[in-house]
file data09.txt (compact mmCIF, C-alpha atoms)
# COMPACT_ATOMS: atom_id res chain seq x y z
CA MET F 234 -20.85 36.50 -11.25
CA GLN F 235 -17.79 34.92 -9.77
CA ALA F 236 -17.49 31.87 -7.58
CA THR F 237 -18.11 32.56 -3.94
CA THR F 238 -17.24 30.62 -0.86
CA VAL F 239 -20.30 30.17 1.31
CA THR F 240 -20.86 28.34 4.55
CA LEU F 241 -22.18 24.95 3.53
CA ARG F 242 -23.44 22.35 5.97
CA SER F 243 -24.16 18.67 5.70
CA LEU F 244 -26.92 17.91 8.17
CA GLU F 245 -27.65 14.37 9.39
CA PHE F 246 -31.08 12.72 9.35
CA ARG F 247 -31.08 12.44 13.15
CA SER F 248 -30.70 16.20 13.54
CA ALA F 249 -33.82 18.27 14.19
CA ALA F 250 -32.20 21.02 12.10
CA THR F 251 -32.40 18.72 9.06
CA TRP F 252 -36.13 18.23 9.41
CA LEU F 253 -36.76 21.92 10.17
CA ALA F 254 -34.71 23.07 7.17
CA ALA F 255 -36.44 20.54 4.92
CA ALA F 256 -39.86 21.68 6.17
CA LEU F 257 -39.00 25.31 5.40
CA PHE F 258 -37.76 24.45 1.91
CA VAL F 259 -40.84 22.31 1.26
CA ALA F 260 -42.98 25.29 2.31
CA GLY F 261 -41.06 27.41 -0.20
CA ASN F 262 -41.64 24.76 -2.86
CA VAL F 263 -45.37 24.89 -2.08
CA VAL F 264 -45.73 28.69 -2.10
CA LEU F 265 -43.52 29.45 -5.11
CA PRO F 266 -45.37 27.15 -7.54
CA GLN F 267 -48.69 28.63 -6.44
CA LEU F 268 -47.41 32.08 -7.36
CA PHE F 269 -46.12 30.93 -10.73
CA HIS F 270 -49.33 29.04 -11.50
CA LEU F 271 -51.13 32.39 -11.50
CA VAL F 272 -49.51 32.95 -14.90
CA PRO F 273 -50.65 30.74 -17.82
CA GLN F 274 -48.10 27.94 -18.32
CA GLY F 275 -46.20 29.37 -15.32
CA GLY F 276 -45.42 25.96 -13.86
CA PRO F 277 -44.05 24.27 -16.98
CA MET F 278 -42.21 27.43 -18.01
CA TRP F 279 -40.63 28.44 -14.70
CA LEU F 280 -40.24 24.98 -13.03
CA PRO F 281 -40.73 26.52 -9.57
CA ILE F 282 -41.09 23.22 -7.70
CA TYR F 283 -37.36 22.60 -8.05
CA PHE F 284 -36.04 25.94 -6.80
CA PHE F 285 -35.86 25.37 -3.06
CA THR F 286 -34.74 21.79 -3.55
CA LEU F 287 -31.65 23.18 -5.28
CA VAL F 288 -31.02 25.81 -2.61
CA GLY F 289 -31.67 23.44 0.30
CA ALA F 290 -29.49 20.64 -1.04
CA TYR F 291 -26.66 22.99 -1.96
CA LYS F 292 -26.67 24.81 1.37
CA TYR F 293 -27.52 22.03 3.82
CA GLY F 294 -26.54 18.84 2.00
CA TRP F 295 -28.14 15.99 0.15
CA ARG F 296 -30.26 14.83 3.10
CA VAL F 297 -32.16 18.12 3.34
CA GLY F 298 -32.35 18.15 -0.44
CA LEU F 299 -33.68 14.59 -0.59
CA LEU F 300 -36.37 15.25 2.01
CA THR F 301 -37.37 18.42 0.15
CA ALA F 302 -37.29 16.62 -3.22
CA LEU F 303 -39.55 13.83 -2.04
CA ALA F 304 -42.02 15.87 0.00
CA SER F 305 -42.50 18.93 -2.23
CA PRO F 306 -44.19 17.27 -5.22
CA LEU F 307 -46.28 15.02 -2.97
CA VAL F 308 -47.51 17.88 -0.77
CA ASN F 309 -48.27 20.05 -3.81
CA SER F 310 -50.15 17.24 -5.52
CA PHE F 311 -52.12 16.41 -2.38
CA LEU F 312 -53.03 20.02 -1.57
CA PHE F 313 -53.53 21.49 -5.05
CA GLY F 314 -53.67 18.63 -7.55
CA MET F 315 -50.51 19.96 -9.23
CA PRO F 316 -48.48 18.21 -10.30
CA ALA F 317 -51.01 15.69 -11.48
CA ALA F 318 -50.58 12.20 -10.04
CA ALA F 319 -49.51 10.87 -13.45
CA ALA F 320 -46.64 13.37 -13.55
CA LEU F 321 -45.36 12.61 -10.03
CA PRO F 322 -42.88 9.82 -10.91
CA ALA F 323 -40.99 12.01 -13.39
CA ILE F 324 -41.04 15.08 -11.15
CA VAL F 325 -39.92 13.11 -8.11
CA LEU F 326 -37.15 11.53 -10.21
CA LYS F 327 -35.90 14.93 -11.37
CA SER F 328 -36.21 16.38 -7.86
CA VAL F 329 -34.15 13.55 -6.36
CA LEU F 330 -31.52 13.86 -9.09
CA LEU F 331 -31.36 17.61 -8.43
CA ALA F 332 -30.97 17.11 -4.68
CA LEU F 333 -28.20 14.55 -5.08
CA ALA F 334 -26.35 16.58 -7.73
CA ALA F 335 -26.58 19.82 -5.75
CA GLY F 336 -25.48 18.14 -2.53
CA TYR F 337 -22.57 16.48 -4.32
CA ALA F 338 -21.44 19.68 -6.05
CA ALA F 339 -21.53 21.66 -2.81
CA HIS F 340 -19.59 18.97 -0.94
CA ARG F 341 -17.07 18.43 -3.73
CA PHE F 342 -16.31 22.04 -4.66
CA ARG F 343 -17.09 23.87 -1.37
CA ARG F 344 -18.18 27.00 -3.22
CA VAL F 345 -21.04 28.26 -5.29
CA SER F 346 -20.81 29.64 -8.82
CA VAL F 347 -23.10 30.11 -11.76
CA LEU F 348 -21.08 27.52 -13.69
CA LEU F 349 -21.45 24.92 -10.93
CA LEU F 350 -25.18 25.53 -10.67
CA LEU F 351 -25.47 25.35 -14.46
CA GLY F 352 -23.77 21.94 -14.31
CA VAL F 353 -26.14 20.76 -11.57
CA VAL F 354 -29.23 21.91 -13.48
CA ALA F 355 -27.97 20.46 -16.75
CA PHE F 356 -27.23 17.13 -15.06
CA TYR F 357 -30.62 16.69 -13.44
CA GLN F 358 -32.46 17.84 -16.55
CA VAL F 359 -30.58 15.62 -19.00
CA VAL F 360 -30.58 12.50 -16.83
CA GLY F 361 -34.12 13.24 -15.65
CA THR F 362 -35.31 13.63 -19.23
CA LEU F 363 -33.88 10.23 -20.09
CA GLY F 364 -35.57 8.76 -17.02
CA GLU F 365 -38.86 10.44 -17.86
CA TRP F 366 -38.66 9.09 -21.39
CA ALA F 367 -38.11 5.59 -19.99
CA LEU F 368 -41.04 6.03 -17.59
CA SER F 369 -43.49 7.56 -20.05
CA GLY F 370 -42.34 6.13 -23.36
CA SER F 371 -42.89 9.58 -24.84
CA LEU F 372 -39.92 11.62 -26.01
CA ALA F 373 -42.20 14.64 -26.50
CA ALA F 374 -43.38 14.52 -22.88
CA ALA F 375 -39.85 13.91 -21.63
CA THR F 376 -38.39 16.92 -23.44
CA GLN F 377 -41.09 19.36 -22.31
CA ASP F 378 -38.73 21.03 -19.82
CA PHE F 379 -36.31 21.79 -22.65
CA ARG F 380 -39.08 23.07 -24.91
CA LEU F 381 -40.86 25.21 -22.31
CA GLY F 382 -38.73 25.35 -19.19
CA LEU F 383 -35.56 27.17 -20.23
CA PRO F 384 -36.63 30.32 -18.30
CA GLY F 385 -37.09 28.13 -15.23
CA MET F 386 -33.68 26.56 -15.64
CA ALA F 387 -32.17 30.03 -15.93
CA LEU F 388 -34.07 31.07 -12.80
CA GLN F 389 -32.67 28.07 -10.94
CA VAL F 390 -29.10 28.90 -11.97
CA VAL F 391 -29.13 32.68 -11.50
CA GLY F 392 -31.72 32.84 -8.74
CA GLY F 393 -30.12 29.92 -6.93
CA PHE F 394 -26.72 31.60 -7.13
CA LEU F 395 -28.07 34.90 -5.81
CA CYS F 396 -30.05 33.17 -3.08
CA LEU F 397 -27.08 31.10 -1.94
CA ARG F 398 -24.64 33.97 -2.19
CA TYR F 399 -26.66 36.76 -0.60
CA VAL F 400 -29.68 35.37 1.21
CA VAL F 401 -28.64 32.04 2.71
CA ARG F 402 -25.15 33.10 3.70
CA ARG F 403 -24.96 31.57 7.17

call {"tool": "encode", "arguments": {"input": "data09.txt", "output": "structure tokens"}}
result
Amino acid sequence: MQATTVTLRSLEFRSAATWLAAALFVAGNVVLPQLFHLVPQGGPMWLPIYFFTLVGAYKYGWRVGLLTALASPLVNSFLFGMPAAAALPAIVLKSVLLALAAGYAAHRFRRVSVLLLLGVVAFYQVVGTLGEWALSGSLAAATQDFRLGLPGMALQVVGGFLCLRYVVRR
């Protein structure tokens, strides 16, 4: 899977398109986790709450990504109780890191590749794990994504690449 040039945008907060795009990506981040939670350990294994944050931030910039990153866990927790309130700080931290890293990578490199997305996912997971460890004081809790979530990280990299390359082309 080679690097591909895609049309990337950086939307401003004052633009209605920013808020509409973020709302659509939040909706995706609400529906996708519900599907994965039908499978035992589907959430912790597949990390679905991060998927559309990655795609939104990469395609439309860090502002759309940040809105998606902040709203998705809060909406999911409010509507479905997942993630649990105690887990929200770590999930929001990782979501924000993902949005900023994806927006930066898209802006900096102006293309999408599996290697770039792997770097984005590795960055938010490593830095987020350190932050989660600092927040929780538990290394075991902080490293859960690396113990259980490797399939989800792979889904973010490969699925994100395919989505950005073929689905969200314009």

call {"tool": "residues_around", "arguments": {"input": "data09.txt", "residues": "stretch 350-365 of chain F", "least_positions_apart": "5", "cutoff": "7 Å", "atoms": "only C-alpha atoms", "output": "JSON, numbers by chain"}}
result
{"F": [323, 326, 327, 330, 331, 334, 335, 375, 376, 386, 390]}

call {"tool": "residues_around", "arguments": {"input": "data09.txt", "residues": "F:His340", "least_positions_apart": "2", "cutoff": "12 Å", "atoms": "only C-alpha atoms", "output": "list of chain:residue names"}}
result
F:Thr238, F:Val239, F:Thr240, F:Leu241, F:Arg242, F:Ser243, F:Leu244, F:Ala290, F:Tyr291, F:Lys292, F:Tyr293, F:Gly294, F:Trp295, F:Leu333, F:Ala334, F:Ala335, F:Gly336, F:Tyr337, F:Ala338, F:Phe342, F:Arg343, F:Arg344, F:Val345, F:Leu349

call {"tool": "closest_residue", "arguments": {"input": "data09.txt", "among": "F:Gly393, F:Pro384, F:Pro273, F:Pro322", "to": "F:Leu307", "atoms": "all atoms listed in the file"}}
result
F:Pro322

call {"tool": "residues_near_point", "arguments": {"input": "data09.txt", "point": "(-44.7, 8.2, -17.3)", "cutoff": "9 Å", "atoms": "all atoms listed in the file", "output": "ChimeraX atom specification"}}
result
/F:319-323,365-371,374-375

call {"tool": "axis_aligned_box", "arguments": {"input": "data09.txt", "around": "stretch 292-305 of chain F", "padding_each_side": "8 Å", "output": "AutoDock Vina command-line options"}}
result
--center_x -34.5 --center_y 19.3 --center_z 0.3 --size_x 32.0 --size_y 27.0 --size_z 23.0

call {"tool": "residues_near_point", "arguments": {"input": "data09.txt", "point": "(-40.7, 21.6, -17.8)", "cutoff": "6 Å", "atoms": "only C-alpha atoms", "output": "list in words"}}
result
Pro277, Leu280, Gln377, Asp378, Leu381 and Gly382 of chain F

call {"tool": "atom_distance", "arguments": {"input": "data09.txt", "atom1": "atom CA of F:His270", "atom2": "atom CA of F:Met315"}}
result
9.4 Å

call {"tool": "atom_distance", "arguments": {"input": "data09.txt", "atom1": "atom CA of F:Val297", "atom2": "atom CA of F:Val272"}}
result
29.2 Å

call {"tool": "atom_distance", "arguments": {"input": "data09.txt", "atom1": "atom CA of F:Ala255", "atom2": "atom CA of F:Val347"}}
result
23.4 Å

call {"tool": "closest_residue", "arguments": {"input": "data09.txt", "among": "F:Thr286, F:Asn262, F:Gln267, F:Ser248", "to": "F:Leu300", "atoms": "all atoms listed in the file"}}
result
F:Thr286

call {"tool": "closest_residue", "arguments": {"input": "data09.txt", "among": "F:Pro281, F:Ala317, F:Asn309, F:Ile324", "to": "F:Leu265", "atoms": "only C-alpha atoms"}}
result
F:Pro281
